[in-house]
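Beneath this line is the structure, given in structure tokens, with notes to follow.
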Amino acid sequence: MNSTAHRLPEVRFLTSGHVTDAAKTSAEQALREALTGVQGEITSVAVTISVVAGDALPRPALVQTVVEVNGHRV
């Protein structure tokens, strides 16, 4: 694993709906994997998870991540 993943700052979560701790953990793990190999200093990570109640939706969750690398949002 690239050392960049170890330098990831604390991930800030904003949630809406019923979001479990397991969902947050899964999102953070996916984020760490996605950021492996990123060049530069990651200074900020924010994740928004929204879950819509209802059995009719095949995927009732939306996740958005904003990462700041070298002072730029990506």
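Each chain in the structure tokens gets a letter, A, B and so on, in the order shown; residues start at 1 in every chain, and ligands are counted from 1 in the order they appear.
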Set the distance at 10 Å and use only C-alpha atoms: which residues neighbour segment 7-20 of chain A once local chain neighbours fewer than 2 positions away are removed? I'd like the list as a CSV table (one decimal) with N, CA, C and O atoms, in the first residue's frame.
```
chain,number,residue,atom,x,y,z
A,2,ASN,N,0.5,2.2,-0.8
A,2,ASN,CA,1.3,3.4,-0.9
A,2,ASN,C,1.2,4.2,0.4
A,2,ASN,O,0.2,4.2,1.1
A,3,SER,N,2.3,4.9,0.8
A,3,SER,CA,2.3,5.6,2.1
A,3,SER,C,1.4,6.8,2.1
A,3,SER,O,1.0,7.3,3.1
A,4,THR,N,0.9,7.2,0.9
A,4,THR,CA,-0.1,8.3,0.8
A,4,THR,C,-1.3,8.0,1.6
A,4,THR,O,-1.9,8.8,2.3
A,5,ALA,N,-1.8,6.7,1.5
A,5,ALA,CA,-3.0,6.3,2.2
A,5,ALA,C,-2.8,6.5,3.7
A,5,ALA,O,-3.8,6.8,4.4
A,22,ALA,N,-21.1,1.0,9.5
A,22,ALA,CA,-20.5,0.2,8.5
A,22,ALA,C,-20.4,0.9,7.1
A,22,ALA,O,-19.4,0.7,6.4
A,23,ALA,N,-21.4,1.7,6.8
A,23,ALA,CA,-21.4,2.4,5.5
A,23,ALA,C,-20.3,3.5,5.5
A,23,ALA,O,-19.6,3.7,4.5
A,24,LYS,N,-20.1,4.1,6.7
A,24,LYS,CA,-19.0,5.1,6.8
A,24,LYS,C,-17.7,4.4,6.6
A,24,LYS,O,-16.8,4.9,5.9
A,25,THR,N,-17.5,3.3,7.3
A,25,THR,CA,-16.2,2.6,7.2
A,25,THR,C,-16.0,2.1,5.8
A,25,THR,O,-14.9,2.3,5.3
A,26,SER,N,-17.0,1.6,5.1
A,26,SER,CA,-16.8,1.2,3.7
A,26,SER,C,-16.5,2.4,2.8
A,26,SER,O,-15.6,2.3,1.9
A,27,ALA,N,-17.1,3.5,3.0
A,27,ALA,CA,-16.8,4.7,2.2
A,27,ALA,C,-15.4,5.2,2.4
A,27,ALA,O,-14.6,5.5,1.5
A,28,GLU,N,-14.9,5.1,3.7
A,28,GLU,CA,-13.6,5.6,4.0
A,28,GLU,C,-12.5,4.6,3.4
A,28,GLU,O,-11.5,5.0,2.9
A,31,LEU,N,-12.3,5.3,-0.3
A,31,LEU,CA,-11.6,6.5,-0.5
A,31,LEU,C,-10.1,6.4,-0.4
A,31,LEU,O,-9.4,6.8,-1.2
A,32,ARG,N,-9.7,5.6,0.6
A,32,ARG,CA,-8.3,5.4,0.8
A,32,ARG,C,-7.7,4.7,-0.4
A,32,ARG,O,-6.6,5.0,-0.9
A,35,LEU,N,-7.4,7.0,-3.4
A,35,LEU,CA,-6.3,8.0,-3.2
A,35,LEU,C,-4.9,7.5,-3.2
A,35,LEU,O,-4.0,8.2,-3.1
A,36,THR,N,-4.8,6.2,-3.3
A,36,THR,CA,-3.5,5.5,-3.3
A,36,THR,C,-2.7,6.0,-4.5
A,36,THR,O,-3.3,6.0,-5.6
A,41,GLU,N,0.2,16.8,-1.0
A,41,GLU,CA,-0.3,16.7,0.3
A,41,GLU,C,-1.8,16.8,0.3
A,41,GLU,O,-2.4,17.8,-0.2
A,42,ILE,N,-2.4,15.8,0.9
A,42,ILE,CA,-3.9,15.8,1.1
A,42,ILE,C,-4.2,16.5,2.4
A,42,ILE,O,-3.8,16.0,3.5
A,43,THR,N,-4.8,17.6,2.3
A,43,THR,CA,-5.0,18.4,3.5
A,43,THR,C,-6.4,18.3,4.1
A,43,THR,O,-6.7,18.7,5.3
A,44,SER,N,-7.4,17.9,3.3
A,44,SER,CA,-8.8,17.9,3.7
A,44,SER,C,-9.6,16.9,3.0
A,44,SER,O,-9.4,16.7,1.8
A,45,VAL,N,-10.4,16.1,3.7
A,45,VAL,CA,-11.3,15.1,3.1
A,45,VAL,C,-12.7,15.3,3.7
A,45,VAL,O,-12.8,15.2,5.0
A,46,ALA,N,-13.7,15.5,2.9
A,46,ALA,CA,-15.1,15.6,3.4
A,46,ALA,C,-15.9,14.6,2.6
A,46,ALA,O,-15.9,14.6,1.3
A,47,VAL,N,-16.8,13.8,3.3
A,47,VAL,CA,-17.6,12.9,2.6
A,47,VAL,C,-19.1,13.1,3.0
A,47,VAL,O,-19.4,13.3,4.2
A,48,THR,N,-20.0,13.2,2.0
A,48,THR,CA,-21.4,13.4,2.3
A,48,THR,C,-22.1,12.1,1.9
A,48,THR,O,-21.9,11.7,0.7
A,49,ILE,N,-22.8,11.5,2.8
A,49,ILE,CA,-23.6,10.3,2.5
A,49,ILE,C,-25.0,10.6,2.7
A,49,ILE,O,-25.4,11.0,3.8
A,50,SER,N,-25.9,10.4,1.7
A,50,SER,CA,-27.3,10.5,1.8
A,50,SER,C,-28.0,9.2,1.5
A,50,SER,O,-27.7,8.6,0.4
A,51,VAL,N,-28.9,8.8,2.4
A,51,VAL,CA,-29.7,7.6,2.1
A,51,VAL,C,-31.1,8.0,2.1
A,51,VAL,O,-31.6,8.6,3.0
A,52,VAL,N,-31.8,7.5,1.1
A,52,VAL,CA,-33.2,7.8,0.9
A,52,VAL,C,-34.0,6.5,1.3
A,52,VAL,O,-33.7,5.4,0.9
A,53,ALA,N,-35.0,6.7,2.2
A,53,ALA,CA,-35.8,5.5,2.6
A,53,ALA,C,-36.7,5.1,1.5
A,53,ALA,O,-37.2,5.9,0.7
A,61,ALA,N,-28.6,5.1,-1.9
A,61,ALA,CA,-27.5,6.0,-1.3
A,61,ALA,C,-26.8,6.8,-2.4
A,61,ALA,O,-26.6,6.3,-3.5
A,62,LEU,N,-26.4,8.0,-1.9
A,62,LEU,CA,-25.5,8.8,-2.8
A,62,LEU,C,-24.4,9.3,-1.9
A,62,LEU,O,-24.6,9.7,-0.8
A,63,VAL,N,-23.2,9.1,-2.5
A,63,VAL,CA,-22.0,9.5,-1.7
A,63,VAL,C,-21.2,10.5,-2.6
A,63,VAL,O,-21.0,10.3,-3.8
A,64,GLN,N,-20.8,11.6,-1.9
A,64,GLN,CA,-20.0,12.6,-2.6
A,64,GLN,C,-18.8,12.9,-1.7
A,64,GLN,O,-18.9,13.0,-0.5
A,65,THR,N,-17.6,13.0,-2.4
A,65,THR,CA,-16.4,13.3,-1.6
A,65,THR,C,-15.7,14.5,-2.2
A,65,THR,O,-15.6,14.6,-3.4
A,66,VAL,N,-15.2,15.3,-1.3
A,66,VAL,CA,-14.4,16.5,-1.7
A,66,VAL,C,-13.0,16.3,-1.0
A,66,VAL,O,-12.9,16.2,0.2
A,67,VAL,N,-12.0,16.3,-1.8
A,67,VAL,CA,-10.6,16.1,-1.3
A,67,VAL,C,-9.8,17.3,-1.7
A,67,VAL,O,-9.9,17.8,-2.9
```
inquiry  = I need the residues of segment 1-72 of chain A that end up classed as helix (DSSP H, G or I) by DSSP on the backbone, written out as a PyMOL selection string.
reply    = chain A and resi 3-7+21-34
Would you put the residues from that selection into a file with N, CA and C atoms, as a PDB file, in the first residue's frame?
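Contents of the output file result_9.pdb:
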```
ATOM      1  N   SER A   3       2.301   4.899   0.791  1.00  0.00           N
ATOM      2  CA  SER A   3       2.331   5.643   2.051  1.00  0.00           C
ATOM      3  C   SER A   3       1.356   6.812   2.055  1.00  0.00           C
ATOM      4  N   THR A   4       0.896   7.245   0.885  1.00  0.00           N
ATOM      5  CA  THR A   4      -0.071   8.337   0.821  1.00  0.00           C
ATOM      6  C   THR A   4      -1.334   8.004   1.602  1.00  0.00           C
ATOM      7  N   ALA A   5      -1.756   6.749   1.539  1.00  0.00           N
ATOM      8  CA  ALA A   5      -2.965   6.347   2.243  1.00  0.00           C
ATOM      9  C   ALA A   5      -2.822   6.533   3.743  1.00  0.00           C
ATOM     10  N   HIS A   6      -1.614   6.400   4.263  1.00  0.00           N
ATOM     11  CA  HIS A   6      -1.396   6.552   5.695  1.00  0.00           C
ATOM     12  C   HIS A   6      -1.413   8.021   6.124  1.00  0.00           C
ATOM     13  N   ARG A   7      -1.207   8.941   5.196  1.00  0.00           N
ATOM     14  CA  ARG A   7      -1.178  10.360   5.519  1.00  0.00           C
ATOM     15  C   ARG A   7      -2.536  11.029   5.333  1.00  0.00           C
ATOM     16  N   ASP A  21     -22.608   2.917  10.713  1.00  0.00           N
ATOM     17  CA  ASP A  21     -21.158   3.017  10.887  1.00  0.00           C
ATOM     18  C   ASP A  21     -20.448   2.163   9.842  1.00  0.00           C
ATOM     19  N   ALA A  22     -21.050   1.035   9.491  1.00  0.00           N
ATOM     20  CA  ALA A  22     -20.466   0.157   8.472  1.00  0.00           C
ATOM     21  C   ALA A  22     -20.399   0.867   7.118  1.00  0.00           C
ATOM     22  N   ALA A  23     -21.419   1.662   6.793  1.00  0.00           N
ATOM     23  CA  ALA A  23     -21.418   2.402   5.537  1.00  0.00           C
ATOM     24  C   ALA A  23     -20.305   3.458   5.534  1.00  0.00           C
ATOM     25  N   LYS A  24     -20.117   4.125   6.666  1.00  0.00           N
ATOM     26  CA  LYS A  24     -19.034   5.111   6.772  1.00  0.00           C
ATOM     27  C   LYS A  24     -17.675   4.444   6.629  1.00  0.00           C
ATOM     28  N   THR A  25     -17.515   3.302   7.277  1.00  0.00           N
ATOM     29  CA  THR A  25     -16.247   2.571   7.199  1.00  0.00           C
ATOM     30  C   THR A  25     -15.972   2.135   5.765  1.00  0.00           C
ATOM     31  N   SER A  26     -16.988   1.638   5.094  1.00  0.00           N
ATOM     32  CA  SER A  26     -16.846   1.204   3.703  1.00  0.00           C
ATOM     33  C   SER A  26     -16.465   2.381   2.808  1.00  0.00           C
ATOM     34  N   ALA A  27     -17.103   3.526   3.003  1.00  0.00           N
ATOM     35  CA  ALA A  27     -16.795   4.713   2.208  1.00  0.00           C
ATOM     36  C   ALA A  27     -15.357   5.163   2.446  1.00  0.00           C
ATOM     37  N   GLU A  28     -14.922   5.131   3.695  1.00  0.00           N
ATOM     38  CA  GLU A  28     -13.553   5.552   4.002  1.00  0.00           C
ATOM     39  C   GLU A  28     -12.530   4.599   3.392  1.00  0.00           C
ATOM     40  N   GLN A  29     -12.803   3.296   3.431  1.00  0.00           N
ATOM     41  CA  GLN A  29     -11.890   2.327   2.828  1.00  0.00           C
ATOM     42  C   GLN A  29     -11.791   2.535   1.314  1.00  0.00           C
ATOM     43  N   ALA A  30     -12.932   2.756   0.669  1.00  0.00           N
ATOM     44  CA  ALA A  30     -12.940   2.992  -0.773  1.00  0.00           C
ATOM     45  C   ALA A  30     -12.174   4.266  -1.108  1.00  0.00           C
ATOM     46  N   LEU A  31     -12.334   5.273  -0.287  1.00  0.00           N
ATOM     47  CA  LEU A  31     -11.641   6.537  -0.494  1.00  0.00           C
ATOM     48  C   LEU A  31     -10.135   6.356  -0.366  1.00  0.00           C
ATOM     49  N   ARG A  32      -9.699   5.642   0.649  1.00  0.00           N
ATOM     50  CA  ARG A  32      -8.264   5.388   0.833  1.00  0.00           C
ATOM     51  C   ARG A  32      -7.688   4.661  -0.382  1.00  0.00           C
ATOM     52  N   GLU A  33      -8.411   3.676  -0.898  1.00  0.00           N
ATOM     53  CA  GLU A  33      -7.955   2.948  -2.080  1.00  0.00           C
ATOM     54  C   GLU A  33      -7.889   3.869  -3.294  1.00  0.00           C
ATOM     55  N   ALA A  34      -8.897   4.717  -3.455  1.00  0.00           N
ATOM     56  CA  ALA A  34      -8.940   5.622  -4.609  1.00  0.00           C
ATOM     57  C   ALA A  34      -7.807   6.645  -4.565  1.00  0.00           C
TER      58      ALA A  34
END
```
